[in-house]
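Asker: Got a structure for you, questions after.
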Amino acid sequence: MTGTLTAGGPADRPGAVDPDVPDAVPDTAPHAPGETAAPPRRWPGRLLLAVAVVWALFVAARALLSGRWWAWNGLGLAPPVLHLLVPLALLIPAALIRHGRRAALGVVLLSLLLGSWQTGLHPGALLRGTPSVPPDALKVVSWNTFFWDQDSDTDAFYAYLRSRSADVYLLQEYQNARGDEPAPIDDLARLRKEFPGFHIATEGEFLTLSRFPITSVRALRPDGLAPPDTSWADYWNIRVLRTDIDVDGRPLSLYNTHLPDLLNVDRNPLTPAYHRSVRQLSERRDRHFEALREDLDANGHPVVLAGDLNVLPGTGDLRWFDGLRDAADAGDSVYPATFPVSGPALWRLDWAFVSPRIDLHRQSVQDPPATLSTHRLIDLRLSLPAPGASAPATEKDRS
């Protein structure tokens, strides 16, 4: 007997695929009598969605809590560029999963949106050509020297400094270490030999060198600081050195800055002592931030503020620099990270800010020899406003 063709369509045949049913899977495997096909696996989509949600919550918490809640200082130290890389990495599997695709894609795109301004990226550097710098532009460099020349060849250290050919040097960690404690040094005789004609200001760990006359020097010492953690009190109590100079009849205020660390990496994060240290450092940072902001608000001169701020892009700590211009906006680096020098620089800890009325021509971030410091050097080229010139009436120059 020959077979007959039934009236049913393709969907009536066992194992056929109905094109109108999404995510239908051909069932070609034989089944024992009474056995049903295994349901589609949903756990990959659920796992991906969970990861995306956790990351989005982390990004949102960083935006809300960084620089405002002391406990976050011990949590939010991931390299800022991860706020771009993580959601981009999640987008590919989110687009390929079969179940929960829309939810996963939505959460990943939300985290990308929330984190886009926390990345520390300056894409404008890709479009910015080599700017013209007037021959009379002021050259300012800022550098955390990392315990001065203690762990490097002294001649090589000074040769590198001289090779910068700067008009102004804002140098941090003009100090050595004795055991686990910072210790003051006196290298003024060598400095005068290496930089003849320069004017020198030093307090605590700070050293400012200027080709132009220094008109005033003031170390900012906030009130209400906790007792210092080491025998050298000025290391803890002075975190900003203000030096005013006269540049051919035009005043300029230089803020040489090194703010306290966010946390002590030598402590065990699983101990109460670690969290006490994070809180104490946060309280100390706030005191120094407040003193700096108060001085900036009362200062009518053009300002250059630079140094190791221990501030990360996209965090609440940047509010203390409102009214100043981030020099990286005129930089040549898409990701102007400054730490560490050895290997890829992932964190931007060193910054430079200037008053809006200063004509900023260029910022560049440069690698010193790795034997000299763990921090990269910031090079600024700028011009001051003409004598008697003021900012436009619409410009809010709080400095």
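Just remember, in the structure tokens the first chain shown is A, the second B, etc., residues are 1-based per chain, and ligands are 1-based in the order shown.
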If we count only C-alpha atoms, what is near Asp223 in chain A at a cut-off of 12 Å, once residues fewer than 4 positions away on the same chain are taken out, given as a PDB file with N, CA, C and O atoms, in the first residue's frame?
Answerer:
```pdb
ATOM      1  N   PRO A 227      45.250  64.741  64.610  1.00  0.00           N
ATOM      2  CA  PRO A 227      46.701  64.665  64.822  1.00  0.00           C
ATOM      3  C   PRO A 227      47.365  63.897  63.689  1.00  0.00           C
ATOM      4  O   PRO A 227      46.794  62.951  63.143  1.00  0.00           O
ATOM      5  N   ASN A 237      49.722  68.186  57.473  1.00  0.00           N
ATOM      6  CA  ASN A 237      48.967  69.422  57.679  1.00  0.00           C
ATOM      7  C   ASN A 237      49.070  70.387  56.504  1.00  0.00           C
ATOM      8  O   ASN A 237      48.240  71.285  56.369  1.00  0.00           O
ATOM      9  N   ILE A 238      50.081  70.224  55.658  1.00  0.00           N
ATOM     10  CA  ILE A 238      50.231  71.078  54.467  1.00  0.00           C
ATOM     11  C   ILE A 238      50.059  70.202  53.235  1.00  0.00           C
ATOM     12  O   ILE A 238      50.897  69.361  52.940  1.00  0.00           O
ATOM     13  N   ARG A 284      40.141  64.079  56.556  1.00  0.00           N
ATOM     14  CA  ARG A 284      41.286  64.955  56.337  1.00  0.00           C
ATOM     15  C   ARG A 284      41.217  65.585  54.939  1.00  0.00           C
ATOM     16  O   ARG A 284      41.507  66.773  54.766  1.00  0.00           O
ATOM     17  N   ASP A 286      38.555  66.246  53.199  1.00  0.00           N
ATOM     18  CA  ASP A 286      37.506  67.268  53.180  1.00  0.00           C
ATOM     19  C   ASP A 286      38.011  68.572  53.784  1.00  0.00           C
ATOM     20  O   ASP A 286      37.681  69.663  53.291  1.00  0.00           O
ATOM     21  N   ARG A 287      38.787  68.485  54.867  1.00  0.00           N
ATOM     22  CA  ARG A 287      39.337  69.696  55.485  1.00  0.00           C
ATOM     23  C   ARG A 287      40.243  70.440  54.507  1.00  0.00           C
ATOM     24  O   ARG A 287      40.187  71.669  54.388  1.00  0.00           O
ATOM     25  N   HIS A 288      41.085  69.691  53.814  1.00  0.00           N
ATOM     26  CA  HIS A 288      41.989  70.326  52.853  1.00  0.00           C
ATOM     27  C   HIS A 288      41.225  70.872  51.653  1.00  0.00           C
ATOM     28  O   HIS A 288      41.555  71.949  51.136  1.00  0.00           O
ATOM     29  N   PHE A 289      40.211  70.145  51.188  1.00  0.00           N
ATOM     30  CA  PHE A 289      39.383  70.646  50.093  1.00  0.00           C
ATOM     31  C   PHE A 289      38.718  71.967  50.480  1.00  0.00           C
ATOM     32  O   PHE A 289      38.673  72.921  49.685  1.00  0.00           O
ATOM     33  N   GLU A 290      38.181  72.030  51.679  1.00  0.00           N
ATOM     34  CA  GLU A 290      37.477  73.231  52.130  1.00  0.00           C
ATOM     35  C   GLU A 290      38.427  74.421  52.215  1.00  0.00           C
ATOM     36  O   GLU A 290      38.080  75.540  51.803  1.00  0.00           O
ATOM     37  N   ALA A 291      39.636  74.192  52.739  1.00  0.00           N
ATOM     38  CA  ALA A 291      40.608  75.282  52.828  1.00  0.00           C
ATOM     39  C   ALA A 291      41.026  75.758  51.436  1.00  0.00           C
ATOM     40  O   ALA A 291      41.174  76.965  51.192  1.00  0.00           O
ATOM     41  N   LEU A 292      41.205  74.815  50.524  1.00  0.00           N
ATOM     42  CA  LEU A 292      41.577  75.175  49.157  1.00  0.00           C
ATOM     43  C   LEU A 292      40.461  75.971  48.490  1.00  0.00           C
ATOM     44  O   LEU A 292      40.712  77.003  47.861  1.00  0.00           O
TER      45      LEU A 292
END
```
Asker: Range 43-100 of chain A: which residues are alpha helix (DSSP H) by DSSP, as a CSV table (one decimal) with C-alpha atoms, in the first residue's frame?
Answerer:
```csv
chain,number,residue,atom,x,y,z
A,43,TRP,CA,20.1,30.6,32.5
A,44,PRO,CA,22.7,32.3,30.2
A,45,GLY,CA,20.3,35.2,29.6
A,46,ARG,CA,19.5,35.4,33.3
A,47,LEU,CA,23.1,35.3,34.3
A,48,LEU,CA,24.0,38.0,31.8
A,49,LEU,CA,21.1,40.2,32.9
A,50,ALA,CA,22.2,39.8,36.6
A,51,VAL,CA,25.8,40.8,35.7
A,52,ALA,CA,24.5,43.8,33.7
A,53,VAL,CA,22.3,44.9,36.6
A,54,VAL,CA,25.1,44.7,39.1
A,55,TRP,CA,27.4,46.7,36.9
A,56,ALA,CA,24.7,49.4,36.3
A,57,LEU,CA,24.1,49.7,40.1
A,58,PHE,CA,27.8,50.0,40.7
A,59,VAL,CA,28.1,52.8,38.1
A,60,ALA,CA,25.0,54.6,39.5
A,61,ALA,CA,26.4,54.3,43.1
A,62,ARG,CA,29.7,55.7,42.0
A,63,ALA,CA,28.0,58.7,40.4
A,64,LEU,CA,26.0,59.4,43.6
A,65,LEU,CA,28.5,58.5,46.4
A,82,LEU,CA,36.3,50.4,32.6
A,83,HIS,CA,33.0,52.4,32.5
A,84,LEU,CA,33.3,52.2,28.8
A,85,LEU,CA,35.0,48.8,28.3
A,86,VAL,CA,32.7,46.7,30.5
A,87,PRO,CA,29.4,47.7,28.9
A,88,LEU,CA,30.9,47.4,25.4
A,89,ALA,CA,32.1,43.9,26.4
A,90,LEU,CA,28.6,43.0,27.6
A,91,LEU,CA,26.9,44.3,24.5
A,92,ILE,CA,28.0,41.4,22.3
A,93,PRO,CA,26.6,38.5,24.4
A,94,ALA,CA,23.5,40.6,25.2
A,95,ALA,CA,22.8,40.9,21.5
A,96,LEU,CA,23.2,37.1,21.0
```
Asker: Find the residues near Asp180 in chain A: any atom within 10 Å, counting only C-alpha atoms, skip ones fewer than 3 places away on the same chain, and give them as a ChimeraX atom specification.
Answerer: /A:177,183,230
Asker: Report as a list in words all protein, DNA and RNA residues lying within 9 Å of Ala352 in chain A, evaluated on only C-alpha atoms, omitting residues in the same chain fewer than 5 positions from it.
Answerer: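 Close residues of Ala352 in chain A: Ser142, Val304, Leu305, Ala306, Gly307, Arg325, Asp326, Ala327, Ala328, Gln363, Ile378 and Leu380 of chain A.
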Asker: In range 121-255 of chain A, what's strand (DSSP E or B) per DSSP? Answer as an NGL selection string?
Answerer: :A and (138-144 or 168-172 or 176-178 or 181-183 or 199-203 or 206-210 or 214-219 or 240-247 or 250-255)
Asker: Rank A:Leu77, A:His122, A:Arg102, A:Pro272 by their smallest atom-to-atom distance to Tyr335 in chain A, using only C-alpha atoms, and report the top residue only.
Answerer: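 Using only C-alpha atoms, the shortest distance to Tyr335 in chain A belongs to A:His122.
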Asker: Of the residues A:Gly120, A:Pro356, A:Gly197, A:Pro340, which is the one nearest to Leu377 in chain A, using only C-alpha atoms?
Answerer: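 Of A:Gly120, A:Pro356, A:Gly197, A:Pro340, the one nearest Leu377 in chain A is A:Pro340, counting only C-alpha atoms.
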